[in-house]
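Have a look at final39.txt; it's compact mmCIF, C-alpha atoms and all ligand atoms:
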# COMPACT_ATOMS: atom_id res chain seq x y z
CA MET A 1 108.26 42.51 105.58
CA LEU A 2 104.58 43.49 105.93
CA LEU A 3 104.92 45.70 102.85
CA ILE A 4 106.26 42.79 100.79
CA CYS A 5 103.43 40.54 102.04
CA ASN A 6 100.91 43.23 101.13
CA LEU A 7 102.33 43.55 97.64
CA ILE A 8 102.19 39.79 97.12
CA PHE A 9 98.64 39.69 98.46
CA ASN A 10 97.44 42.53 96.25
CA GLN A 11 98.91 41.02 93.11
CA LEU A 12 98.04 37.38 93.59
CA ASN A 13 95.64 37.10 96.54
CA ILE A 14 98.07 34.74 98.18
CA ILE A 15 99.47 34.64 101.70
CA SER A 16 102.56 32.45 101.98
CA THR A 17 103.31 30.52 105.14
CA ASP A 18 106.57 28.63 105.65
CA THR A 19 105.28 25.51 103.90
CA TYR A 20 101.96 26.15 102.17
CA LYS A 21 99.90 28.97 100.70
CA ILE A 22 96.62 30.52 101.74
CA ARG A 23 94.60 31.45 98.66
CA PHE A 24 91.41 33.38 98.22
CA ASN A 25 88.22 32.61 96.33
CA ASP A 26 88.49 31.26 92.76
CA ASP A 27 92.28 31.28 92.84
CA GLY A 28 92.08 28.79 95.71
CA TYR A 29 89.77 26.37 93.89
CA THR A 30 91.76 26.64 90.66
CA HIS A 31 94.91 25.77 92.58
CA LEU A 32 93.17 22.83 94.28
CA ASN A 33 91.92 21.45 90.95
CA GLU A 34 95.48 21.67 89.57
CA LEU A 35 96.95 20.07 92.69
CA VAL A 36 94.59 17.14 92.44
CA VAL A 37 95.89 16.36 88.96
CA LYS A 38 99.53 17.00 89.82
CA ASN A 39 99.64 14.91 93.00
CA ASN A 40 97.95 11.79 91.67
CA TYR A 41 95.71 11.26 94.67
CA THR A 42 93.89 7.94 94.81
CA LYS A 43 90.71 9.10 96.55
CA PHE A 44 89.14 12.28 97.84
CA TYR A 45 87.20 12.69 101.04
CA VAL A 46 85.40 15.83 102.14
CA LEU A 47 84.84 16.06 105.89
CA VAL A 48 81.72 18.02 106.79
CA ASP A 49 79.24 18.36 109.63
CA GLU A 50 75.48 18.43 109.03
CA ASN A 51 75.50 22.24 108.65
CA THR A 52 78.40 22.55 106.24
CA LYS A 53 77.00 19.59 104.28
CA LYS A 54 73.73 21.43 103.87
CA LEU A 55 75.07 24.96 103.41
CA CYS A 56 78.61 24.81 102.00
CA LEU A 57 79.01 21.62 100.02
CA LYS A 58 77.02 22.84 97.01
CA LYS A 59 79.40 25.72 96.43
CA PHE A 60 82.42 23.46 96.92
CA LYS A 61 81.03 21.01 94.34
CA GLN A 62 80.46 23.81 91.82
CA LYS A 63 84.04 24.96 92.14
CA THR A 64 85.84 21.64 92.00
CA SER A 65 86.41 19.23 89.15
CA PHE A 66 86.93 15.88 90.88
CA GLN A 67 84.69 13.19 92.41
CA PHE A 68 84.78 12.85 96.17
CA GLU A 69 83.18 10.97 99.01
CA ILE A 70 81.51 12.83 101.83
CA ILE A 71 82.28 11.99 105.44
CA GLU A 72 79.78 13.59 107.77
CA ILE A 73 80.25 14.04 111.49
CA SER A 74 78.00 15.70 114.05
CA SER A 75 78.59 19.41 114.55
CA GLY A 76 79.75 20.97 117.79
CA GLU A 77 82.63 21.13 120.21
CA VAL A 78 81.30 18.13 122.19
CA HIS A 79 82.07 15.93 119.19
CA LYS A 80 85.66 17.13 118.87
CA ASN A 81 86.89 14.00 120.61
CA LEU A 82 88.56 10.65 120.16
CA LYS A 83 85.29 8.82 119.52
CA THR A 84 84.61 10.90 116.40
CA CYS A 85 88.19 10.35 115.22
CA ILE A 86 87.85 6.58 115.67
CA ASP A 87 84.61 6.62 113.65
CA VAL A 88 86.32 8.48 110.80
CA TRP A 89 89.49 6.32 110.92
CA ASN A 90 87.27 3.20 110.83
CA HIS A 91 85.36 4.60 107.89
CA LEU A 92 88.54 5.41 105.97
CA THR A 93 89.88 1.92 106.73
CA SER A 94 86.66 0.26 105.57
CA GLN A 95 86.97 2.24 102.34
CA ASN A 96 90.59 1.10 101.86
CA ALA A 97 91.72 4.71 101.87
CA ASP A 98 95.47 4.59 101.28
CA ARG A 99 98.29 7.00 102.02
CA LYS A 100 97.72 8.84 98.76
CA CYS A 101 94.18 9.91 99.56
CA LEU A 102 93.35 13.56 100.13
CA ILE A 103 91.10 14.79 102.94
CA ILE A 104 89.41 18.16 102.53
CA ASN A 105 88.13 19.74 105.73
CA LEU A 106 85.12 21.87 104.87
CA GLY A 107 83.84 23.51 108.02
CA GLY A 108 84.53 25.53 111.11
CA GLY A 109 87.34 25.18 113.61
CA VAL A 110 86.02 21.86 114.92
CA ILE A 111 86.25 20.35 111.43
CA THR A 112 89.63 21.89 110.57
CA ASP A 113 91.20 21.05 113.99
CA MET A 114 89.85 17.50 114.10
CA GLY A 115 90.11 16.84 110.34
CA GLY A 116 93.75 17.95 110.46
CA PHE A 117 94.38 15.61 113.39
CA ILE A 118 92.59 12.67 111.75
CA SER A 119 94.51 13.21 108.49
CA SER A 120 97.90 13.65 110.16
CA THR A 121 97.60 10.41 112.13
CA TYR A 122 95.82 8.15 109.62
CA LYS A 123 98.49 5.81 108.22
CA ARG A 124 101.09 8.19 109.70
CA GLY A 125 99.69 11.09 107.78
CA VAL A 126 97.84 11.88 104.57
CA HIS A 127 97.55 15.24 102.84
CA PHE A 128 94.75 17.54 103.90
CA VAL A 129 93.28 20.84 102.75
CA ASN A 130 91.45 23.30 104.99
CA ILE A 131 88.48 25.21 103.63
CA PRO A 132 87.23 27.19 106.63
CA THR A 133 83.55 28.13 106.57
CA THR A 134 83.31 30.15 109.80
CA LEU A 135 84.92 33.50 110.46
CA LEU A 136 86.80 32.01 113.40
CA SER A 137 88.31 29.21 111.36
CA MET A 138 89.20 31.63 108.52
CA VAL A 139 91.23 34.01 110.67
CA ASP A 140 92.49 31.53 113.21
CA ALA A 141 91.77 27.79 113.47
CA SER A 142 92.49 26.74 109.87
CA ILE A 143 95.87 28.48 109.75
CA GLY A 144 98.91 28.07 111.99
CA SER A 145 99.15 24.26 111.77
CA LYS A 146 97.71 23.33 115.16
CA THR A 147 95.46 20.29 114.93
CA GLY A 148 93.78 18.46 117.76
CA ILE A 149 90.87 17.27 119.84
CA ASN A 150 89.56 17.69 123.39
CA LEU A 151 90.10 15.17 126.18
CA SER A 152 86.81 15.14 128.13
CA SER A 153 86.41 18.79 129.01
CA ILE A 154 90.06 19.76 128.56
CA LYS A 155 90.38 21.75 125.37
CA ASN A 156 92.80 20.63 122.67
CA GLN A 157 94.63 18.35 125.09
CA ILE A 158 95.58 15.88 122.33
CA GLY A 159 97.01 17.04 119.03
CA LEU A 160 99.97 17.82 116.87
CA PHE A 161 101.43 20.49 114.66
CA SER A 162 100.74 19.54 111.09
CA ASP A 163 100.48 21.59 107.90
CA PRO A 164 97.64 21.46 105.41
CA ILE A 165 98.82 21.41 101.81
CA THR A 166 96.76 24.52 101.16
CA VAL A 167 94.03 26.67 102.70
CA ILE A 168 91.22 28.30 100.71
CA ILE A 169 89.45 31.37 102.09
CA ASP A 170 86.06 31.99 100.54
CA GLU A 171 84.07 34.68 102.29
CA GLU A 172 80.88 33.59 100.56
CA TYR A 173 80.50 30.74 103.05
CA LEU A 174 79.91 33.35 105.76
CA LYS A 175 76.58 34.33 104.21
CA THR A 176 74.83 31.45 105.99
CA LEU A 177 76.76 31.70 109.25
CA PRO A 178 74.59 32.78 112.22
CA LYS A 179 75.35 36.19 113.70
CA ARG A 180 76.43 34.68 117.01
CA GLU A 181 79.09 32.65 115.18
CA ILE A 182 80.25 35.71 113.22
CA ASN A 183 80.73 37.56 116.50
CA SER A 184 82.66 34.61 117.90
CA GLY A 185 85.14 34.86 115.01
CA TYR A 186 85.37 38.60 115.42
CA ALA A 187 86.85 38.08 118.91
CA GLU A 188 89.98 36.66 117.25
CA ILE A 189 90.11 39.48 114.67
CA PHE A 190 89.97 41.95 117.57
CA LYS A 191 92.65 40.02 119.48
CA HIS A 192 94.97 40.15 116.46
CA SER A 193 94.48 43.91 116.25
CA ILE A 194 95.28 44.32 119.97
CA ILE A 195 98.46 42.25 120.02
CA SER A 196 99.80 43.82 116.82
CA ASN A 197 98.36 47.31 117.27
CA SER A 198 97.17 47.05 113.71
CA GLY A 199 93.68 48.22 112.77
CA PHE A 200 92.60 48.64 116.42
CA LYS A 201 91.29 52.16 115.90
CA LYS A 202 89.34 51.14 112.79
CA LEU A 203 87.65 48.33 114.70
CA ILE A 204 86.72 50.25 117.85
CA GLU A 205 85.45 53.27 115.94
CA ASN A 206 83.07 51.19 113.86
CA PRO A 207 79.60 50.78 115.37
CA ASN A 208 79.37 47.28 113.88
CA ILE A 209 81.83 44.47 113.70
CA VAL A 210 84.08 44.60 110.66
CA TYR A 211 84.85 41.40 108.73
CA ASP A 212 85.22 42.33 105.07
CA GLU A 213 87.78 40.47 102.95
CA ASP A 214 90.55 43.00 103.65
CA THR A 215 90.01 42.73 107.39
CA ILE A 216 90.03 38.93 107.17
CA ALA A 217 93.20 38.96 105.06
CA ASN A 218 94.93 41.39 107.44
CA SER A 219 93.98 39.29 110.42
CA ILE A 220 95.37 36.17 108.73
CA LYS A 221 98.57 38.06 107.90
CA ILE A 222 99.07 39.10 111.52
CA LYS A 223 98.75 35.51 112.73
CA ASN A 224 100.80 34.16 109.83
CA GLU A 225 103.74 36.48 110.46
CA ILE A 226 103.82 35.43 114.11
CA VAL A 227 103.59 31.73 113.22
CA ILE A 228 106.36 32.03 110.62
CA GLU A 229 108.63 33.52 113.30
CA ASP A 230 107.85 30.91 115.96
CA LYS A 231 105.77 27.99 114.71
CA PHE A 232 106.21 25.75 117.76
CA GLU A 233 105.29 28.42 120.28
CA ASN A 234 108.53 28.88 122.13
CA ASN A 235 108.31 32.63 122.07
CA VAL A 236 106.29 35.14 120.05
CA ARG A 237 103.55 32.69 119.07
CA LYS A 238 102.51 32.89 122.72
CA TYR A 239 101.24 36.42 121.91
CA LEU A 240 98.31 34.72 120.19
CA ASN A 241 97.29 33.30 123.56
CA PHE A 242 96.31 36.72 124.85
CA GLY A 243 92.86 36.28 126.43
CA HIS A 244 93.15 32.50 126.12
CA THR A 245 94.44 31.44 129.56
CA ILE A 246 91.24 32.61 131.21
CA GLY A 247 89.23 32.21 127.98
CA HIS A 248 90.00 28.49 127.54
CA ALA A 249 89.19 27.80 131.19
CA VAL A 250 85.89 29.66 130.80
CA GLU A 251 85.14 27.70 127.62
CA SER A 252 85.89 24.41 129.42
CA LEU A 253 83.68 25.42 132.36
CA PHE A 254 80.71 25.94 130.07
CA MET A 255 81.39 22.98 127.80
CA ASN A 256 79.19 20.60 129.76
CA LYS A 257 76.56 23.17 130.73
CA LYS A 258 73.29 23.75 128.92
CA ASN A 259 74.20 27.35 128.07
CA LYS A 260 77.47 26.60 126.26
CA LEU A 261 79.76 29.44 125.25
CA LEU A 262 81.25 29.72 121.79
CA HIS A 263 85.05 29.91 121.58
CA GLY A 264 85.12 33.62 120.76
CA GLU A 265 82.61 34.40 123.50
CA ALA A 266 84.87 32.76 126.07
CA ILE A 267 87.91 34.52 124.62
CA ALA A 268 86.09 37.87 124.86
CA VAL A 269 85.72 37.28 128.63
CA GLY A 270 89.39 36.27 128.75
CA MET A 271 90.51 39.40 126.89
CA ILE A 272 88.62 41.69 129.27
CA CYS A 273 90.03 39.96 132.37
CA GLU A 274 93.56 39.73 130.98
CA SER A 275 93.50 43.38 129.84
CA TYR A 276 92.64 44.25 133.43
CA LEU A 277 95.50 42.06 134.70
CA SER A 278 97.76 43.83 132.19
CA SER A 279 96.86 47.14 133.74
CA ARG A 280 97.46 45.86 137.30
CA LEU A 281 100.83 44.28 136.50
CA LYS A 282 102.23 45.78 133.32
CA GLY A 283 101.06 49.37 133.28
CA PHE A 284 98.62 48.88 130.39
CA GLU A 285 96.56 52.08 130.23
CA MET A 286 93.32 51.62 132.18
CA SER A 287 91.52 53.84 129.66
CA THR A 288 92.42 51.33 126.89
CA VAL A 289 91.28 48.46 129.11
CA ASN A 290 87.92 50.21 129.50
CA THR A 291 87.74 50.79 125.72
CA ILE A 292 88.36 47.08 125.09
CA LYS A 293 85.70 46.10 127.64
CA LYS A 294 83.17 48.57 126.24
CA HIS A 295 83.80 47.42 122.66
CA LEU A 296 83.49 43.71 123.47
CA ASN A 297 80.41 44.23 125.64
CA LYS A 298 78.69 45.76 122.60
CA PHE A 299 78.85 42.46 120.71
CA PHE A 300 79.01 39.81 123.42
CA ILE A 301 76.39 39.04 126.06
CA LYS A 302 77.68 39.49 129.58
CA VAL A 303 78.32 36.06 131.09
CA ASN A 304 77.09 35.49 134.64
CA PHE A 305 79.70 33.87 136.84
CA SER A 306 78.94 32.69 140.36
CA LYS A 307 81.72 32.76 142.93
CA ASN A 308 81.89 28.98 142.53
CA ASP A 309 82.24 29.28 138.72
CA ILE A 310 85.18 31.62 139.13
CA LEU A 311 86.90 29.25 141.56
CA LYS A 312 86.37 26.45 139.02
CA VAL A 313 87.93 28.65 136.33
CA CYS A 314 90.99 29.12 138.57
CA LYS A 315 91.23 25.34 138.94
CA LEU A 316 90.87 24.76 135.20
CA ILE A 317 93.64 27.28 134.48
CA LYS A 318 96.00 24.82 136.18
CA TYR A 319 95.48 22.41 133.25
CA ASP A 320 96.39 25.03 130.66
CA LYS A 321 98.90 23.81 128.08
CA LYS A 322 100.87 27.02 128.45
CA ASN A 323 101.70 26.22 132.08
CA HIS A 324 105.25 25.52 133.08
CA LEU A 325 105.76 23.15 136.04
CA ASN A 326 102.02 23.51 136.70
CA ILE A 327 102.32 27.26 137.18
CA PRO A 328 99.85 29.15 134.95
CA LYS A 329 101.56 31.48 132.50
CA PHE A 330 99.74 34.53 131.22
CA VAL A 331 100.20 36.72 128.17
CA LEU A 332 99.79 40.36 129.17
CA LEU A 333 100.03 43.73 127.45
CA LYS A 334 102.27 46.65 128.27
CA ASP A 335 100.57 48.54 125.49
CA LEU A 336 98.74 47.80 122.25
CA GLY A 337 101.20 45.76 120.20
CA LEU A 338 103.60 45.41 123.13
CA VAL A 339 103.18 41.97 124.64
CA ASP A 340 104.77 40.25 127.62
CA ILE A 341 104.71 36.46 127.93
CA ASN A 342 105.15 33.90 130.73
CA VAL A 343 103.70 36.11 133.46
CA ASP A 344 102.86 34.38 136.78
CA ILE A 345 99.62 35.51 138.34
CA HIS A 346 98.34 34.95 141.84
CA GLU A 347 94.81 33.53 142.14
CA ASN A 348 93.62 36.60 144.07
CA LEU A 349 94.35 38.77 141.05
CA ILE A 350 92.39 36.44 138.79
CA LEU A 351 89.41 36.81 141.16
CA GLU A 352 89.88 40.58 141.02
CA SER A 353 89.87 40.51 137.22
CA PHE A 354 86.47 38.77 137.29
CA ASP A 355 85.22 41.50 139.64
CA TYR A 356 86.23 43.98 136.96
CA TYR A 357 84.55 41.89 134.24
CA LEU A 358 81.29 41.66 136.20
CA ARG A 359 81.24 45.36 137.11
CA ILE A 360 78.88 47.41 134.94
N1 LIG A 401 93.88 25.33 115.66
C1 LIG A 401 93.84 26.55 116.11
O1 LIG A 401 94.83 27.29 116.05
C2 LIG A 401 92.55 27.09 116.66
C3 LIG A 401 92.41 28.46 116.88
C4 LIG A 401 91.19 28.92 117.35
C5 LIG A 401 90.14 28.05 117.58
N2 LIG A 401 90.32 26.73 117.36
C6 LIG A 401 89.23 25.77 117.58
O2 LIG A 401 88.16 26.08 116.70
C7 LIG A 401 86.95 25.59 117.24
C8 LIG A 401 85.87 26.62 117.10
O3 LIG A 401 85.69 26.90 115.74
P1 LIG A 401 84.30 27.44 115.16
O4 LIG A 401 83.88 28.59 115.96
O5 LIG A 401 84.46 27.59 113.72
O6 LIG A 401 83.29 26.26 115.56
P2 LIG A 401 82.53 25.10 114.74
O7 LIG A 401 83.40 24.38 113.84
O8 LIG A 401 81.82 24.33 115.80
O9 LIG A 401 81.47 25.91 113.86
C9 LIG A 401 80.46 26.62 114.49
C10 LIG A 401 79.06 26.22 113.99
O10 LIG A 401 78.84 26.80 112.72
C11 LIG A 401 78.42 25.79 111.80
N3 LIG A 401 78.87 26.24 110.49
C12 LIG A 401 80.10 26.17 109.98
N4 LIG A 401 80.18 26.83 108.82
C13 LIG A 401 78.95 27.30 108.57
C14 LIG A 401 78.39 28.09 107.54
N5 LIG A 401 79.14 28.56 106.54
N6 LIG A 401 77.08 28.42 107.62
C15 LIG A 401 76.32 28.00 108.66
N7 LIG A 401 76.80 27.28 109.66
C16 LIG A 401 78.10 26.93 109.63
C17 LIG A 401 79.00 24.53 112.32
O11 LIG A 401 78.29 23.41 111.88
C18 LIG A 401 78.86 24.73 113.82
O12 LIG A 401 77.55 24.40 114.23
C19 LIG A 401 87.25 25.24 118.69
O13 LIG A 401 87.32 23.84 118.80
C20 LIG A 401 88.61 25.85 118.94
O14 LIG A 401 89.37 25.14 119.89
C21 LIG A 401 91.50 26.23 116.90
Starting from the file, lay out its structure as structure tokens.
Ligand SMILES: NC(=O)c1ccc[n+]([C@@H]2O[C@H](COP(=O)([O-])OP(=O)(O)OC[C@H]3O[C@@H](n4cnc5c(N)ncnc54)[C@H](O)[C@@H]3O)[C@@H](O)[C@H]2O)c1
Amino acid sequence: MLLICNLIFNQLNIISTDTYKIRFNDDGYTHLNELVVKNNYTKFYVLVDENTKKLCLKKFKQKTSFQFEIIEISSGEVHKNLKTCIDVWNHLTSQNADRKCLIINLGGGVITDMGGFISSTYKRGVHFVNIPTTLLSMVDASIGSKTGINLSSIKNQIGLFSDPITVIIDEEYLKTLPKREINSGYAEIFKHSIISNSGFKKLIENPNIVYDEDTIANSIKIKNEIVIEDKFENNVRKYLNFGHTIGHAVESLFMNKKNKLLHGEAIAVGMICESYLSSRLKGFEMSTVNTIKKHLNKFFIKVNFSKNDILKVCKLIKYDKKNHLNIPKFVLLKDLGLVDINVDIHENLILESFDYYLRI
């Protein structure tokens, strides 16, 4: 299967999902320009935040052959909420945007998650395209069909599965992305390599983070193959939540603090803690756990957690969407590429995993 995907990718630079295609660079824009003609859209809207408006829109304009209107929202996770959606829905309504309009989400995961949600609910759904401009949205948020927004500090509490009509990956957008954001995206690349045991050695042996086009494409392929097998997360898609039970709770904890954490930074904490839990409960080699911790600590600043913070994280884990009957469910590793899902974990062990994280 992977071999066939590789062959297709090498010939055409295309990754096929169950319903749409992920295209790279010029091939993506050419396809979009053709699609625009073929589908007879009435209007085009490009959703941006102030950063992607300033840094990415010029390139998008150069590559596309149709007139569009810009809808700008404020950047940042704190704006990924219902208020922003209402503003955009009101704007579309005031513009008489009909069901045949096309919305193009040009931005990071906040734009692709929220833009996908706005598009899928406006007039019961209009077509949308994702053009991710952060590393994290390229390898993760813009693919896999999850759209949504936060409900106060609960991450992605409201949302739906909905497919873009196409996704365009253009690495050039990363040239303006701050280093901290690049690292945040790398956390998901590293997670994909851990859960699939693909490329792990290459990543840990490199003194810097690796995010060339091949690495990005491979990371997308790993996620895509999992999503194709289990789109609605009944089974193997849960593998992608490795590091995310603790990671999401950590992200929520910091959401309203001055020193916010980026998604990947929170997931890096989650991966270290959950690797430790994997060793305690599933026999995951402690030497590999230490390698993962050492590698992530090279690129991510150590987060300081007070005892009270950790207790709050335990509380927040109870809201996790992966819970069943309010019991937190963890994704743990027996080995690299060998994942176990729906694992119950006692709070004491979670506290212990933070001890391990905080240890030098
Ligand atoms: N749907 C999913 O499956 C999925 C998966 C992972 C993460 N997510 C979501 O993704 C979001 C995080 O995504 P993110 O890290 O991309 O955050 P983001 O969208 O907030 O982007 C990060 C920052 O980079 C700026 N930016 C974007 N592109 C830029 C560029 N090319 N140059 C300079 N600056 C640029 C943005 O304006 C923003 O300030 C979270 O809300 C998370 O929940 C969703």
Hey, which residues sit close to ligand LIG 401 (chain A)? Say within 6 Å, counting all atoms listed in the file, and write them as a CSV table (one decimal) with C-alpha atoms, in the coordinates of the input.
chain,number,residue,atom,x,y,z
A,49,ASP,CA,79.2,18.4,109.6
A,51,ASN,CA,75.5,22.2,108.6
A,52,THR,CA,78.4,22.6,106.2
A,55,LEU,CA,75.1,25.0,103.4
A,56,CYS,CA,78.6,24.8,102.0
A,75,SER,CA,78.6,19.4,114.6
A,76,GLY,CA,79.8,21.0,117.8
A,77,GLU,CA,82.6,21.1,120.2
A,107,GLY,CA,83.8,23.5,108.0
A,108,GLY,CA,84.5,25.5,111.1
A,109,GLY,CA,87.3,25.2,113.6
A,110,VAL,CA,86.0,21.9,114.9
A,111,ILE,CA,86.2,20.4,111.4
A,113,ASP,CA,91.2,21.0,114.0
A,133,THR,CA,83.6,28.1,106.6
A,134,THR,CA,83.3,30.2,109.8
A,136,LEU,CA,86.8,32.0,113.4
A,137,SER,CA,88.3,29.2,111.4
A,140,ASP,CA,92.5,31.5,113.2
A,141,ALA,CA,91.8,27.8,113.5
A,144,GLY,CA,98.9,28.1,112.0
A,146,LYS,CA,97.7,23.3,115.2
A,147,THR,CA,95.5,20.3,114.9
A,173,TYR,CA,80.5,30.7,103.0
A,174,LEU,CA,79.9,33.4,105.8
A,176,THR,CA,74.8,31.4,106.0
A,177,LEU,CA,76.8,31.7,109.2
A,263,HIS,CA,85.0,29.9,121.6
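Comparing A:Gly28, A:Gly247, A:Gly337, A:Gly159 by their smallest distance to Phe200 (chain A), the closest is A:Gly337 (using all atoms listed in the file).
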Next item on the list: Considering all atoms listed in the file, return as an MDAnalysis selection string whatever protein or nucleic-acid residues lie within 9 Å of region 325-329 of chain A, sequence-local ones (same chain, fewer than 2 positions apart) excluded.
Entry: chainID A and resid 245 317:323 331 341:345
Next item on the list: Considering only C-alpha atoms, state which residue in the set A:Leu47, A:Val303, A:Ile216, A:Ile182 is at the smallest distance from Ile71 (chain A).
Entry: A:Leu47
Note to self: Please list as a ChimeraX atom specification every residue within 10 Å of Ile194 (chain A), counting only C-alpha atoms and excluding residues in the same chain fewer than 6 positions away.
What the structure shows: /A:188,200-201,242,271,292,333,335-339
Produce a file of the selected residues containing C-alpha atoms, as a short mmCIF file (atom, residue, chain, number, x, y, z; two decimals), in the coordinates of the input.
data_model
loop_
_atom_site.label_atom_id
_atom_site.label_comp_id
_atom_site.auth_asym_id
_atom_site.auth_seq_id
_atom_site.Cartn_x
_atom_site.Cartn_y
_atom_site.Cartn_z
CA GLU A 188 89.98 36.66 117.25
CA PHE A 200 92.60 48.64 116.42
CA LYS A 201 91.29 52.16 115.90
CA PHE A 242 96.31 36.72 124.85
CA MET A 271 90.51 39.40 126.89
CA ILE A 292 88.36 47.08 125.09
CA LEU A 333 100.03 43.73 127.45
CA ASP A 335 100.57 48.54 125.49
CA LEU A 336 98.74 47.80 122.25
CA GLY A 337 101.20 45.76 120.20
CA LEU A 338 103.60 45.41 123.13
CA VAL A 339 103.18 41.97 124.64
#
Notebook entry, point to check: Leaving out region 306-308 of chain A and any residue of its chain fewer than 6 positions from it, which residues lie within 10 Å of it when counting all atoms listed in the file, given as a ChimeraX atom specification?
Noted result: /A:314,351,354-355
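Here the question is which of A:His244, A:Lys21, A:Lys298, A:Lys100 gets nearest to Ser142 (chain A) using all atoms listed in the file, and that residue is A:Lys21.
Taking CA of Ile158 (chain A) as the reference point, CA of Ile189 (chain A) is found at 25.4 Å.
You can rank A:Asn206, A:Asn39, A:Ser196, A:Asn259 by their closest distance to Tyr239 (chain A) using all atoms listed in the file, and at the top of that list sits A:Ser196.
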Check: Skipping near chain neighbours, those fewer than 5 positions away, what residues fall within 8 Å of Pro164 (chain A) using all atoms listed in the file, listed as a PyMOL selection string?
Finding: chain A and resi 20+116+127-130+145
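Across the model, the gap from CA of Ser119 (chain A) to CA of Glu69 (chain A) is 14.9 Å.
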Note to self: At a cut-off of 10 Å, using all atoms listed in the file, what residues contact Phe300 (chain A)? Leave out same-chain residues fewer than 2 positions from it and give the result as number ranges by chain.
What the structure shows: A: 180, 183-184, 187, 264-266, 268-269, 295-298, 302-303
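As for CA of Val78 (chain A) and CA of Ile149 (chain A), they are spaced 9.9 Å apart.
Distance check against Ser287 (chain A) using only C-alpha atoms: of A:Thr93, A:Ser74, A:Asn197, A:Ser275, the minimum falls on A:Ser275.
With distances taken over all atoms listed in the file, A:Lys312 is the one residue among A:Arg99, A:Lys221, A:Lys312, A:Lys293 lying closest to Phe254 (chain A).
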